[in-house]
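Structure file input_28.cif (mmCIF, C-alpha atoms) is printed below.
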```
data_coords
loop_
_atom_site.label_atom_id
_atom_site.label_comp_id
_atom_site.auth_asym_id
_atom_site.auth_seq_id
_atom_site.Cartn_x
_atom_site.Cartn_y
_atom_site.Cartn_z
CA MET A 1119 -50.29 180.67 264.34
CA SER A 1120 -47.55 179.05 262.30
CA THR A 1121 -44.84 177.32 264.21
CA GLU A 1122 -42.44 177.28 261.26
CA PRO A 1123 -39.16 179.04 262.02
CA ALA A 1124 -38.79 182.45 260.47
CA ILE A 1125 -36.45 182.67 257.49
CA ILE A 1126 -34.01 185.50 257.79
CA TYR A 1127 -32.63 186.72 254.46
CA ASP A 1128 -29.15 188.08 254.30
CA GLN A 1129 -29.56 191.56 252.89
CA GLN A 1130 -25.85 191.99 252.28
CA PRO A 1131 -24.86 191.36 248.63
CA ARG A 1132 -22.47 188.47 248.23
CA ARG A 1133 -19.16 189.44 246.72
CA MET A 1134 -17.74 187.31 243.96
CA PRO A 1135 -14.35 185.88 244.78
CA GLU A 1136 -11.66 188.16 243.47
CA ILE A 1137 -9.65 186.70 240.59
CA PRO A 1138 -6.20 188.10 239.87
CA PHE A 1139 -6.44 190.32 236.84
CA GLU A 1140 -3.72 188.41 234.98
CA ILE A 1141 -5.74 185.16 235.29
CA LEU A 1142 -8.98 186.86 234.20
CA ASP A 1143 -7.15 188.35 231.25
CA SER A 1144 -5.83 184.93 230.21
CA ILE A 1145 -9.30 183.35 230.53
CA LEU A 1146 -10.84 186.01 228.31
CA GLU A 1147 -8.04 185.69 225.77
CA GLU A 1148 -8.54 181.92 225.49
CA ALA A 1149 -12.31 182.35 225.16
CA LEU A 1150 -11.96 184.99 222.47
CA MET A 1151 -9.64 182.80 220.43
CA ALA A 1152 -12.44 180.25 220.09
CA MET A 1153 -15.03 182.78 218.90
CA ASN A 1154 -15.85 183.39 215.25
CA PRO A 1155 -15.76 186.92 213.73
CA ALA A 1156 -19.54 187.41 213.99
CA SER A 1157 -19.51 186.55 217.71
CA LEU A 1158 -16.61 188.91 218.31
CA SER A 1159 -18.49 191.71 216.57
CA SER A 1160 -21.53 191.08 218.79
CA LEU A 1161 -19.37 190.99 221.90
CA ALA A 1162 -17.87 194.36 220.96
CA LEU A 1163 -21.35 195.89 221.34
CA ALA A 1164 -21.91 194.53 224.87
CA SER A 1165 -19.78 196.98 226.85
CA ARG A 1166 -16.79 199.25 226.53
CA GLY A 1167 -14.59 196.85 228.49
CA LEU A 1168 -15.55 193.84 226.40
CA ARG A 1169 -15.19 195.90 223.23
CA ILE A 1170 -11.51 196.37 224.00
CA TYR A 1171 -11.02 192.63 224.44
CA ALA A 1172 -13.00 191.86 221.28
CA ASN A 1173 -11.16 194.45 219.21
CA GLU A 1174 -7.84 193.17 220.46
CA ALA A 1175 -8.80 189.72 219.13
CA ARG A 1176 -10.19 191.11 215.86
CA PHE A 1177 -7.53 193.63 214.94
CA SER A 1178 -4.24 192.60 216.56
CA SER A 1179 -3.03 190.82 213.40
CA LEU A 1180 -3.93 192.30 210.01
CA THR A 1181 -3.25 190.65 206.63
CA PRO A 1182 -5.15 192.64 203.98
CA TYR A 1183 -4.51 190.23 201.13
CA LYS A 1184 -5.84 186.86 200.02
CA GLY A 1185 -3.91 183.66 199.50
CA HIS A 1186 -0.37 182.76 200.40
CA VAL A 1187 1.41 185.46 198.39
CA GLY A 1188 -1.31 187.99 197.52
CA HIS A 1189 -1.85 187.44 193.78
CA ASP A 1190 -5.18 189.31 193.74
CA CYS A 1191 -3.87 192.88 193.49
CA ASP A 1192 -7.27 194.50 192.92
CA GLY A 1193 -8.68 192.57 195.88
CA THR A 1194 -5.77 193.73 198.02
CA ILE A 1195 -6.52 197.36 197.10
CA ARG A 1196 -10.17 196.92 198.14
CA ARG A 1197 -9.14 195.39 201.46
CA LEU A 1198 -6.65 198.17 202.13
CA ASP A 1199 -9.30 200.80 201.35
CA ALA A 1200 -11.81 199.06 203.65
CA LEU A 1201 -9.24 198.90 206.46
CA ALA A 1202 -8.35 202.58 206.07
CA LYS A 1203 -12.08 203.47 206.15
CA LEU A 1204 -12.53 201.42 209.33
CA MET A 1205 -9.60 203.23 210.94
CA ARG A 1206 -11.03 206.65 210.02
CA GLU A 1207 -14.43 205.78 211.45
CA GLY A 1208 -12.81 204.51 214.62
CA HIS A 1209 -11.52 208.02 215.33
CA SER A 1210 -15.08 209.35 215.57
CA VAL A 1211 -15.35 208.42 219.28
CA PRO A 1212 -12.41 210.13 221.02
CA THR A 1213 -12.74 208.17 224.27
CA ILE A 1214 -12.53 204.71 222.65
CA PRO A 1215 -9.31 203.28 221.19
CA GLY A 1216 -9.32 203.17 217.41
CA VAL A 1217 -8.68 200.08 215.30
CA GLY A 1218 -5.06 201.00 214.64
CA GLU A 1219 -4.24 201.05 218.33
CA PHE A 1220 -4.86 197.31 218.66
CA VAL A 1221 -2.57 196.31 215.78
CA THR A 1222 0.53 194.35 216.78
CA SER A 1223 1.21 192.73 213.40
CA PHE A 1224 0.62 194.12 209.92
CA GLN A 1225 1.62 192.01 206.94
CA LEU A 1226 1.29 192.98 203.31
CA LYS A 1227 2.17 190.58 200.50
CA VAL A 1228 1.77 191.66 196.89
CA THR A 1229 2.51 189.57 193.80
CA GLY A 1230 1.68 190.59 190.26
CA TYR A 1231 2.79 192.08 186.98
CA ALA A 1232 4.43 195.49 187.18
CA THR A 1233 1.30 197.52 186.39
CA ALA A 1234 -0.88 195.69 188.92
CA LEU A 1235 1.87 195.77 191.52
CA GLN A 1236 2.32 199.51 191.03
CA ARG A 1237 -1.43 200.11 191.56
CA VAL A 1238 -1.17 198.51 195.00
CA LEU A 1239 1.98 200.40 195.96
CA ASN A 1240 0.35 203.68 194.82
CA SER A 1241 -2.65 203.12 197.07
CA LYS A 1242 -3.15 206.11 199.39
CA SER A 1243 -4.60 203.75 201.97
CA ILE A 1244 -1.20 202.22 202.80
CA PRO A 1245 0.40 205.51 203.99
CA PHE A 1246 -2.74 206.25 206.03
CA ILE A 1247 -2.61 202.80 207.66
CA PHE A 1248 1.10 203.24 208.39
CA SER A 1249 0.33 206.54 210.13
CA ASN A 1250 -2.20 204.82 212.42
CA ILE A 1251 -0.51 201.64 213.61
CA PHE A 1252 2.05 200.80 216.27
CA ARG A 1253 1.74 204.24 217.88
CA PRO A 1254 1.77 204.61 221.70
CA THR A 1255 -1.56 205.84 223.05
CA ARG A 1256 -3.08 206.86 226.37
CA LEU A 1257 -6.37 205.08 225.56
CA TYR A 1258 -5.07 201.54 225.28
CA THR A 1259 -2.19 199.65 226.82
CA PRO A 1260 -1.73 195.89 226.32
CA MET A 1261 -2.58 194.06 229.55
CA ARG A 1262 0.38 191.75 229.20
CA LYS A 1263 4.01 192.62 228.63
CA PRO A 1264 4.71 194.38 225.33
CA ARG A 1265 4.50 192.07 222.35
CA LYS A 1266 6.66 192.07 219.27
CA LEU A 1267 5.31 194.25 216.51
CA THR A 1268 5.84 192.98 212.98
CA LEU A 1269 5.69 194.63 209.59
CA SER A 1270 6.22 192.48 206.49
CA LEU A 1271 6.36 193.92 202.98
CA HIS A 1272 6.52 191.47 200.11
CA PRO A 1273 6.29 193.29 196.78
CA PHE A 1274 7.32 190.82 194.10
CA GLU A 1275 7.08 191.32 190.35
CA TRP A 1276 5.79 188.51 188.19
CA GLY A 1277 7.77 188.50 185.00
CA TYR A 1278 10.60 187.13 182.94
CA SER A 1279 13.42 189.34 184.17
CA SER A 1280 16.39 187.62 185.79
CA ASP A 1281 16.00 189.98 188.75
CA VAL A 1282 12.31 190.16 189.62
CA ARG A 1283 12.76 192.21 192.77
CA SER A 1284 11.03 195.56 193.12
CA HIS A 1285 13.13 198.71 193.28
CA TRP A 1286 12.83 200.90 196.37
CA THR A 1287 11.70 203.82 194.18
CA MET A 1288 8.65 201.80 193.06
CA LEU A 1289 7.19 202.58 196.46
CA ASP A 1290 5.04 205.70 196.29
CA ASP A 1291 6.58 208.85 197.77
CA ASP A 1292 3.86 209.06 200.41
CA LEU A 1293 4.36 205.40 201.23
CA ARG A 1294 8.10 205.83 201.72
CA GLY A 1295 7.51 208.95 203.80
CA GLU A 1296 5.05 207.27 206.16
CA PHE A 1297 7.25 204.17 206.29
CA ALA A 1298 10.09 206.40 207.52
CA ASN A 1299 7.77 207.99 210.12
CA LEU A 1300 6.60 204.55 211.19
CA LEU A 1301 10.18 203.48 211.85
CA ARG A 1302 11.09 206.65 213.75
CA TYR A 1303 7.97 207.43 215.78
CA SER A 1304 6.21 204.13 216.44
CA ASP A 1305 6.79 201.15 218.74
CA LEU A 1306 7.60 198.87 215.79
CA ASN A 1307 10.45 196.59 216.85
CA GLU A 1308 10.39 193.72 214.36
CA LEU A 1309 10.66 194.21 210.60
CA HIS A 1310 10.52 191.73 207.73
CA LEU A 1311 11.30 192.96 204.21
CA ARG A 1312 11.10 190.82 201.10
CA GLN A 1313 12.16 191.27 197.46
CA ILE A 1314 13.10 194.98 197.48
CA LYS A 1315 16.40 196.19 196.03
CA ASP A 1316 18.44 199.33 196.67
CA VAL A 1317 16.94 200.14 200.07
CA PRO A 1318 18.87 203.07 201.65
CA SER A 1319 21.27 201.67 204.24
CA SER A 1320 20.38 204.45 206.70
CA PHE A 1321 16.65 203.69 206.70
CA LEU A 1322 16.67 202.21 210.22
CA GLN A 1323 18.42 205.13 211.90
CA GLY A 1324 16.38 206.40 214.85
CA SER A 1325 14.09 203.36 214.90
CA LYS A 1326 13.30 200.92 217.71
CA ILE A 1327 13.85 197.88 215.48
CA ARG A 1328 15.41 195.01 217.41
CA HIS A 1329 14.56 192.08 215.12
CA LEU A 1330 15.26 192.28 211.39
CA SER A 1331 14.71 189.80 208.56
CA PHE A 1332 15.73 190.37 204.92
CA ARG A 1333 14.97 188.05 201.99
CA GLY A 1334 15.82 189.26 198.50
CA VAL A 1335 16.72 192.69 199.88
CA SER A 1336 19.80 194.65 198.82
CA LEU A 1337 21.05 197.94 200.24
CA HIS A 1338 22.75 200.94 198.75
CA SER A 1339 25.06 203.08 200.82
CA SER A 1340 23.41 206.23 202.14
CA LEU A 1341 25.37 207.35 205.18
CA VAL A 1342 23.44 210.30 206.59
CA GLY A 1343 24.42 212.33 209.66
CA GLU A 1344 26.58 211.18 212.53
CA PRO A 1345 27.41 207.50 213.07
CA GLU A 1346 24.69 206.07 215.29
CA PRO A 1347 24.45 202.30 215.84
CA ILE A 1348 21.15 200.45 215.94
CA HIS A 1349 20.95 197.68 218.51
CA LEU A 1350 19.62 194.60 216.73
CA GLU A 1351 19.05 191.49 218.82
CA SER A 1352 18.25 189.15 215.93
CA LEU A 1353 19.15 189.25 212.25
CA ALA A 1354 18.24 187.04 209.27
CA ILE A 1355 19.79 187.73 205.87
CA ASP A 1356 20.50 186.01 202.57
CA HIS A 1357 23.27 186.24 199.98
CA TYR A 1358 22.24 189.73 198.80
CA ILE A 1359 23.76 191.35 201.91
CA PRO A 1360 27.58 191.43 202.19
CA PHE A 1361 29.12 192.31 205.52
CA GLN A 1362 30.10 195.85 204.49
CA ASP A 1363 26.41 196.61 203.85
CA LEU A 1364 25.66 195.35 207.35
CA VAL A 1365 28.23 197.77 208.74
CA HIS A 1366 26.46 200.63 206.95
CA LEU A 1367 23.11 199.39 208.26
CA PHE A 1368 24.18 198.81 211.87
CA CYS A 1369 26.48 201.80 212.30
CA ASN A 1370 25.65 204.42 209.65
CA SER A 1371 29.40 204.34 209.14
CA SER A 1372 31.99 202.76 206.85
CA LEU A 1373 33.71 201.09 209.79
CA PRO A 1374 32.21 198.97 212.59
CA LEU A 1375 31.71 200.99 215.74
CA PRO A 1376 32.76 199.55 219.10
CA GLN A 1377 29.98 197.35 220.46
CA SER A 1378 27.82 197.92 217.36
CA PHE A 1379 27.02 194.20 217.10
CA LEU A 1380 27.13 193.59 220.86
CA TYR A 1381 23.36 193.17 221.32
CA LEU A 1382 23.05 190.56 218.58
CA THR A 1383 22.18 187.18 220.13
CA THR A 1384 20.52 185.39 217.18
CA ALA A 1385 21.77 185.34 213.59
CA SER A 1386 20.63 183.45 210.49
CA VAL A 1387 22.53 183.57 207.18
CA GLN A 1388 21.77 181.97 203.83
CA VAL A 1389 24.91 180.50 202.30
CA ASN A 1390 25.12 179.99 198.53
CA HIS A 1391 28.76 180.76 197.82
CA ALA A 1392 32.15 181.09 199.52
CA GLU A 1393 31.59 184.86 199.84
CA ASP A 1394 28.58 184.19 202.02
CA MET A 1395 30.79 182.27 204.44
CA ASP A 1396 32.99 185.35 204.64
CA THR A 1397 29.93 187.37 205.64
CA LEU A 1398 28.91 184.75 208.20
CA ASN A 1399 32.34 184.65 209.83
CA ALA A 1400 32.59 188.45 209.89
CA ILE A 1401 29.25 188.56 211.73
CA LEU A 1402 30.56 186.03 214.25
CA ALA A 1403 33.80 187.95 214.72
CA ASN A 1404 31.91 191.14 215.55
CA GLY A 1405 28.86 189.60 217.23
CA ILE A 1406 30.54 188.12 220.27
CA SER A 1407 27.19 187.79 222.10
CA ILE A 1408 25.59 185.50 219.51
CA GLU A 1409 24.08 182.44 221.19
CA ARG A 1410 21.99 180.95 218.35
CA LEU A 1411 23.27 180.62 214.78
CA GLY A 1412 21.23 179.44 211.82
CA ILE A 1413 22.62 178.58 208.39
CA ILE A 1414 20.43 177.99 205.35
CA LEU A 1415 22.37 176.15 202.65
CA HIS A 1416 21.54 176.54 198.96
CA TYR A 1417 24.68 175.08 197.46
CA VAL A 1418 24.40 174.08 193.79
CA GLY A 1419 28.09 173.84 192.88
CA SER A 1420 30.15 170.81 191.93
CA SER A 1421 30.35 167.87 194.28
CA ASN A 1422 33.56 168.96 196.02
CA ALA A 1423 34.02 172.69 195.27
CA PHE A 1424 32.69 173.53 198.76
CA THR A 1425 35.83 172.01 200.28
CA GLN A 1426 37.58 175.24 199.31
CA TRP A 1427 35.29 177.18 201.62
CA GLY A 1428 36.32 178.03 205.13
CA ALA A 1429 34.49 176.36 208.01
CA ILE A 1430 32.53 178.29 210.63
CA GLN A 1431 35.00 180.36 212.66
CA TYR A 1432 33.46 179.92 216.09
CA GLN A 1433 36.05 177.95 218.04
CA GLU A 1434 36.78 180.89 220.37
CA HIS A 1435 33.15 182.00 220.53
CA GLY A 1436 32.35 181.62 224.22
CA ASN A 1437 28.58 182.35 224.07
CA MET A 1438 27.43 180.05 221.26
CA ARG A 1439 24.75 177.67 222.54
CA GLU A 1440 22.86 176.41 219.49
CA ILE A 1441 23.51 176.00 215.79
CA SER A 1442 21.12 174.81 213.11
CA ILE A 1443 21.99 174.00 209.50
CA SER A 1444 19.16 173.44 207.05
CA SER A 1445 19.80 172.51 203.45
CA SER A 1446 17.91 172.19 200.20
CA VAL A 1447 17.51 168.97 198.25
CA PHE A 1448 20.44 169.89 196.00
CA THR A 1449 22.90 170.40 198.87
CA PRO A 1450 24.89 167.32 199.96
CA LEU A 1451 25.01 166.67 203.69
CA ALA A 1452 28.78 166.76 203.33
CA VAL A 1453 28.56 170.56 202.93
CA ALA A 1454 26.92 170.96 206.34
CA ILE A 1455 29.50 168.64 207.91
CA HIS A 1456 32.34 170.63 206.33
CA LEU A 1457 30.94 173.89 207.71
CA LEU A 1458 30.67 172.44 211.22
CA GLY A 1459 34.40 171.82 211.18
CA ASP A 1460 36.38 169.53 213.41
CA SER A 1461 36.32 171.69 216.53
CA ILE A 1462 33.29 173.38 218.06
CA PRO A 1463 33.08 175.89 220.94
CA GLN A 1464 33.01 174.40 224.42
CA SER A 1465 29.81 176.35 225.05
CA LEU A 1466 27.92 174.73 222.13
CA GLU A 1467 25.17 172.51 223.52
CA GLN A 1468 22.85 171.79 220.58
CA ILE A 1469 23.26 171.04 216.88
CA GLU A 1470 20.34 170.66 214.50
CA ILE A 1471 20.72 169.30 210.98
CA ALA A 1472 17.64 169.65 208.78
CA ARG A 1473 17.38 168.12 205.33
CA ALA A 1474 14.86 168.58 202.52
CA HIS A 1475 13.34 165.79 200.41
CA PRO A 1476 15.58 162.77 199.73
CA TYR A 1477 16.53 161.82 196.20
CA ASP A 1478 15.51 158.22 196.73
CA ARG A 1479 11.73 158.38 196.96
CA HIS A 1480 11.36 154.61 197.08
CA SER A 1481 13.21 154.13 200.37
CA ARG A 1482 10.82 152.71 202.91
CA THR A 1483 12.76 151.50 205.95
CA ALA A 1484 14.41 153.77 208.50
CA GLU A 1485 17.84 152.52 207.48
CA GLN A 1486 17.15 153.14 203.78
CA VAL A 1487 15.85 156.66 204.37
CA LEU A 1488 18.76 157.64 206.60
CA ASN A 1489 21.26 156.23 204.13
CA SER A 1490 19.58 158.17 201.30
CA HIS A 1491 20.44 161.30 203.30
CA ASN A 1492 23.98 160.02 204.05
CA VAL A 1493 23.30 160.55 207.73
CA MET A 1494 26.06 158.10 208.57
CA LEU A 1495 28.55 160.74 207.41
CA LEU A 1496 27.28 162.90 210.24
CA ALA A 1497 27.55 160.05 212.73
CA THR A 1498 31.18 159.47 211.77
CA HIS A 1499 31.98 163.17 212.06
CA LEU A 1500 30.39 163.54 215.50
CA ALA A 1501 32.46 160.64 216.81
CA GLN A 1502 35.39 163.06 217.20
CA GLU A 1503 36.35 163.99 220.74
CA SER A 1504 35.71 167.68 220.14
CA PHE A 1505 31.97 166.90 220.16
CA ASP A 1506 32.06 165.18 223.56
CA ASN A 1507 30.32 168.09 225.33
CA LEU A 1508 27.35 168.17 222.93
CA LYS A 1509 24.09 167.80 224.86
CA VAL A 1510 21.43 167.68 222.12
CA LEU A 1511 21.55 166.53 218.50
CA ILE A 1512 18.47 167.08 216.36
CA VAL A 1513 18.19 165.41 212.96
CA ALA A 1514 15.19 166.55 210.89
CA PHE A 1515 14.31 165.54 207.36
CA GLU A 1516 11.42 165.07 204.99
CA MET A 1517 10.54 162.03 202.93
CA ASP A 1518 8.15 161.55 200.06
CA VAL A 1519 5.86 158.53 200.26
CA ALA A 1520 3.71 157.30 197.40
CA THR A 1521 -0.02 157.43 198.08
CA ARG A 1522 -0.31 153.65 197.88
CA TYR A 1523 2.14 153.31 200.78
CA ILE A 1524 1.11 156.26 202.94
CA ALA A 1525 -1.19 154.14 205.15
CA GLU A 1526 1.82 152.13 206.26
CA TYR A 1527 3.50 155.13 207.90
CA ASP A 1528 2.95 156.49 211.34
CA ALA A 1529 5.19 159.54 211.69
CA ARG A 1530 5.91 159.12 215.41
CA ASP A 1531 6.65 155.41 215.08
CA PHE A 1532 8.91 156.02 212.08
CA GLU A 1533 10.77 158.71 214.01
CA LYS A 1534 11.40 156.18 216.77
CA GLN A 1535 12.72 153.65 214.24
CA CYS A 1536 15.09 156.25 212.81
CA ARG A 1537 16.25 157.30 216.26
CA ASP A 1538 16.85 153.71 217.37
CA TYR A 1539 18.91 153.08 214.25
CA LEU A 1540 20.96 156.25 214.75
CA VAL A 1541 21.66 155.35 218.38
CA THR A 1542 23.29 152.13 217.23
CA GLN A 1543 25.44 154.02 214.72
CA THR A 1544 26.67 156.94 216.83
CA PRO A 1545 28.51 157.28 220.16
CA LEU A 1546 26.12 159.99 221.34
CA SER A 1547 24.09 157.84 223.74
CA GLN A 1548 27.29 156.91 225.56
CA ARG A 1549 28.04 160.61 226.04
CA ASN A 1550 24.67 161.43 227.62
CA CYS A 1551 23.71 163.37 224.50
CA ILE A 1552 19.99 163.58 223.78
CA LEU A 1553 19.20 162.48 220.22
CA GLN A 1554 15.99 163.77 218.61
CA VAL A 1555 14.67 162.79 215.19
CA HIS A 1556 11.89 164.68 213.41
CA VAL A 1557 10.40 163.31 210.21
CA GLY A 1558 8.05 165.11 207.84
CA ILE A 1559 6.15 162.69 205.63
CA ASN A 1560 4.80 164.07 202.35
CA GLU A 1561 2.26 162.20 200.28
CA GLU A 1562 2.87 162.07 196.54
CA ASP A 1563 1.04 160.44 193.66
#
```

Encoding of this model in structure tokens:
Amino acid sequence: MSTEPAIIYDQQPRRMPEIPFEILDSILEEALMAMNPASLSSLALASRGLRIYANEARFSSLTPYKGHVGHDCDGTIRRLDALAKLMREGHSVPTIPGVGEFVTSFQLKVTGYATALQRVLNSKSIPFIFSNIFRPTRLYTPMRKPRKLTLSLHPFEWGYSSDVRSHWTMLDDDLRGEFANLLRYSDLNELHLRQIKDVPSSFLQGSKIRHLSFRGVSLHSSLVGEPEPIHLESLAIDHYIPFQDLVHLFCNSSLPLPQSFLYLTTASVQVNHAEDMDTLNAILANGISIERLGIILHYVGSSNAFTQWGAIQYQEHGNMREISISSSVFTPLAVAIHLLGDSIPQSLEQIEIARAHPYDRHSRTAEQVLNSHNVMLLATHLAQESFDNLKVLIVAFEMDVATRYIAEYDARDFEKQCRDYLVTQTPLSQRNCILQVHVGINEED
């Protein structure tokens, strides 16, 4: 008889340690981001639960065009047709969320001659896609807090006309109809429109849009129904939008309604002319809750004509926290300094000045590069007492370096050299102001 002790097996199944669902969700999200499309497709076949995770990774962001601006119009049509077909087939299983229910970002860019552009805009697949995205559903709810939903339309006509923007009526009737339904009945809350003129000013009425960006977009007045303000939280516009058009857009009225701009906390305005400064200051006067202001300068006038412009009217603006001014290569730094003015709000904590390529492409030392941007003008301006409360100054610029010299540059080390030089030239370090310098180095032949 064996004297070995009997082995008693535990018949009770061991339970895996419970992981909070939020942590498990984050782990799966990180893992899915590292998987290629073929692996995601295979994972979608493993189980219903994993299919939802895989489809969320595959279909959350859709860009049915190729290249940076979508030149291949015929290819774009094929991709739109394939996407519409996939959405139709996804409805064949009523208990499983369809493809459109996972979409949180849809971006369409189209560039081509008028006939090719019109073929894309006449595609019946676009209205169908619009009718199937961003809609609330009982089958699928994002595990995390609601994410921003983005729609970007970029029709742009290749040609020789001085105004190459597409007219609103170029959009197919069905497309405009489903676009209106998308705005009114979906959860879309962020909208980017590019290069479309004569958009009806009332087109956002009844929508949930909170974040709006226009580039090359103009509006025509179409006040429909009772005045009803939309509550935008962020707005980005260029010189095509005067303030009166914004009033029509925000309020569906000829006059600003009380509190119509109250929810606006972030604003960005492109400034080309003095009239654009009028628009900017009118936005500030009505948007008393604005905390972050961005200005994009494209000034191409004479060397001192900008001195006739008004400065930013924000001295009494008690909520302003940050301001950034970025300028093109043709815009002197003196323009940005003029717009800043001599007195800033007490609440302003951060200023960022961003510059494009310098004129002097042969500058190689930190001092030479900064002087090519006339950064010392900024240092002199900020020495005024009204800037004593500034907590952060960010100076960002790009420089072109010839290929034969590129090996000599380490971006982080060069940033430190620039910062050290600026510290010696400005009083900011004595005021406990944090100085940051960001340098973009571009290689050129």

_For a test of reading the model, state the distance in Å between atom CA of A:Leu1466 and atom CA of A:Arg1410, rounded to one decimal._
9.4 Å

*Exercise: residues within 12 Å of coordinate (3.4, 188.9, 197.9), counting all atoms listed in the file, as an MDAnalysis selection string*: chainID A and resid 1181:1191 1194 1225:1231 1235 1238:1239 1270:1276 1283:1284 1311:1314

Write to file, as a PDB file, in the coordinates of the input, the residues of the selection just made, with C-alpha atoms.
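See again-v8.pdb below for the written result:
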```pdb
ATOM      1  CA  THR A1181      -3.250 190.650 206.630  1.00  0.00           C
ATOM      2  CA  PRO A1182      -5.150 192.640 203.980  1.00  0.00           C
ATOM      3  CA  TYR A1183      -4.510 190.230 201.130  1.00  0.00           C
ATOM      4  CA  LYS A1184      -5.840 186.860 200.020  1.00  0.00           C
ATOM      5  CA  GLY A1185      -3.910 183.660 199.500  1.00  0.00           C
ATOM      6  CA  HIS A1186      -0.370 182.760 200.400  1.00  0.00           C
ATOM      7  CA  VAL A1187       1.410 185.460 198.390  1.00  0.00           C
ATOM      8  CA  GLY A1188      -1.310 187.990 197.520  1.00  0.00           C
ATOM      9  CA  HIS A1189      -1.850 187.440 193.780  1.00  0.00           C
ATOM     10  CA  ASP A1190      -5.180 189.310 193.740  1.00  0.00           C
ATOM     11  CA  CYS A1191      -3.870 192.880 193.490  1.00  0.00           C
ATOM     12  CA  THR A1194      -5.770 193.730 198.020  1.00  0.00           C
ATOM     13  CA  GLN A1225       1.620 192.010 206.940  1.00  0.00           C
ATOM     14  CA  LEU A1226       1.290 192.980 203.310  1.00  0.00           C
ATOM     15  CA  LYS A1227       2.170 190.580 200.500  1.00  0.00           C
ATOM     16  CA  VAL A1228       1.770 191.660 196.890  1.00  0.00           C
ATOM     17  CA  THR A1229       2.510 189.570 193.800  1.00  0.00           C
ATOM     18  CA  GLY A1230       1.680 190.590 190.260  1.00  0.00           C
ATOM     19  CA  TYR A1231       2.790 192.080 186.980  1.00  0.00           C
ATOM     20  CA  LEU A1235       1.870 195.770 191.520  1.00  0.00           C
ATOM     21  CA  VAL A1238      -1.170 198.510 195.000  1.00  0.00           C
ATOM     22  CA  LEU A1239       1.980 200.400 195.960  1.00  0.00           C
ATOM     23  CA  SER A1270       6.220 192.480 206.490  1.00  0.00           C
ATOM     24  CA  LEU A1271       6.360 193.920 202.980  1.00  0.00           C
ATOM     25  CA  HIS A1272       6.520 191.470 200.110  1.00  0.00           C
ATOM     26  CA  PRO A1273       6.290 193.290 196.780  1.00  0.00           C
ATOM     27  CA  PHE A1274       7.320 190.820 194.100  1.00  0.00           C
ATOM     28  CA  GLU A1275       7.080 191.320 190.350  1.00  0.00           C
ATOM     29  CA  TRP A1276       5.790 188.510 188.190  1.00  0.00           C
ATOM     30  CA  ARG A1283      12.760 192.210 192.770  1.00  0.00           C
ATOM     31  CA  SER A1284      11.030 195.560 193.120  1.00  0.00           C
ATOM     32  CA  LEU A1311      11.300 192.960 204.210  1.00  0.00           C
ATOM     33  CA  ARG A1312      11.100 190.820 201.100  1.00  0.00           C
ATOM     34  CA  GLN A1313      12.160 191.270 197.460  1.00  0.00           C
ATOM     35  CA  ILE A1314      13.100 194.980 197.480  1.00  0.00           C
TER      36      ILE A1314
END
```

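Note on the selection: in this file the PyMOL selection byres ((chain A and resi 1208-1223) around 6) comes out as Glu1174, Phe1177, Ser1178, Ser1179, Met1205, Arg1206, Glu1207, Phe1224, Asn1250, Ile1251, Leu1257, Leu1267 and Thr1268 of chain A.
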
*Selection: 8 Å around A:Leu1289, only C-alpha atoms, excl. self and same-chain fewer than 2 positions, as a list of chain:residue names*: A:Gln1236, A:Leu1239, A:Asn1240, A:His1285, A:Trp1286, A:Thr1287, A:Asp1291, A:Leu1293, A:Arg1294

Writing out the chosen residues with C-alpha atoms as an mmCIF file, keeping the file's coordinate frame:
```cif
data_model
loop_
_atom_site.group_PDB
_atom_site.id
_atom_site.type_symbol
_atom_site.label_atom_id
_atom_site.label_comp_id
_atom_site.auth_asym_id
_atom_site.auth_seq_id
_atom_site.Cartn_x
_atom_site.Cartn_y
_atom_site.Cartn_z
ATOM 1 C CA GLN A 1236 2.320 199.510 191.030
ATOM 2 C CA LEU A 1239 1.980 200.400 195.960
ATOM 3 C CA ASN A 1240 0.350 203.680 194.820
ATOM 4 C CA HIS A 1285 13.130 198.710 193.280
ATOM 5 C CA TRP A 1286 12.830 200.900 196.370
ATOM 6 C CA THR A 1287 11.700 203.820 194.180
ATOM 7 C CA ASP A 1291 6.580 208.850 197.770
ATOM 8 C CA LEU A 1293 4.360 205.400 201.230
ATOM 9 C CA ARG A 1294 8.100 205.830 201.720
#
```

*Quick one: apply the PyMOL selection byres ((chain A and resi 1389-1393) around 7) to the file and drop the selected residues here as JSON, numbers by chain.*
{"A": [1357, 1387, 1388, 1394, 1395, 1396, 1397, 1413, 1414, 1415, 1416, 1417, 1427]}

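Taking atom CA of A:Leu1398 as the reference point, atom CA of A:Gly1436 is found at 16.7 Å.
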
Give me the result of the PyMOL selection byres ((chain A and resi 1560) around 8) on this file, residue by residue, as a PDB file with C-alpha atoms, in the frame of the given file.
```
ATOM      1  CA  GLU A1516      11.420 165.070 204.990  1.00  0.00           C
ATOM      2  CA  MET A1517      10.540 162.030 202.930  1.00  0.00           C
ATOM      3  CA  ASP A1518       8.150 161.550 200.060  1.00  0.00           C
ATOM      4  CA  VAL A1519       5.860 158.530 200.260  1.00  0.00           C
ATOM      5  CA  GLY A1558       8.050 165.110 207.840  1.00  0.00           C
ATOM      6  CA  ILE A1559       6.150 162.690 205.630  1.00  0.00           C
ATOM      7  CA  GLU A1561       2.260 162.200 200.280  1.00  0.00           C
ATOM      8  CA  GLU A1562       2.870 162.070 196.540  1.00  0.00           C
TER       9      GLU A1562
END
```
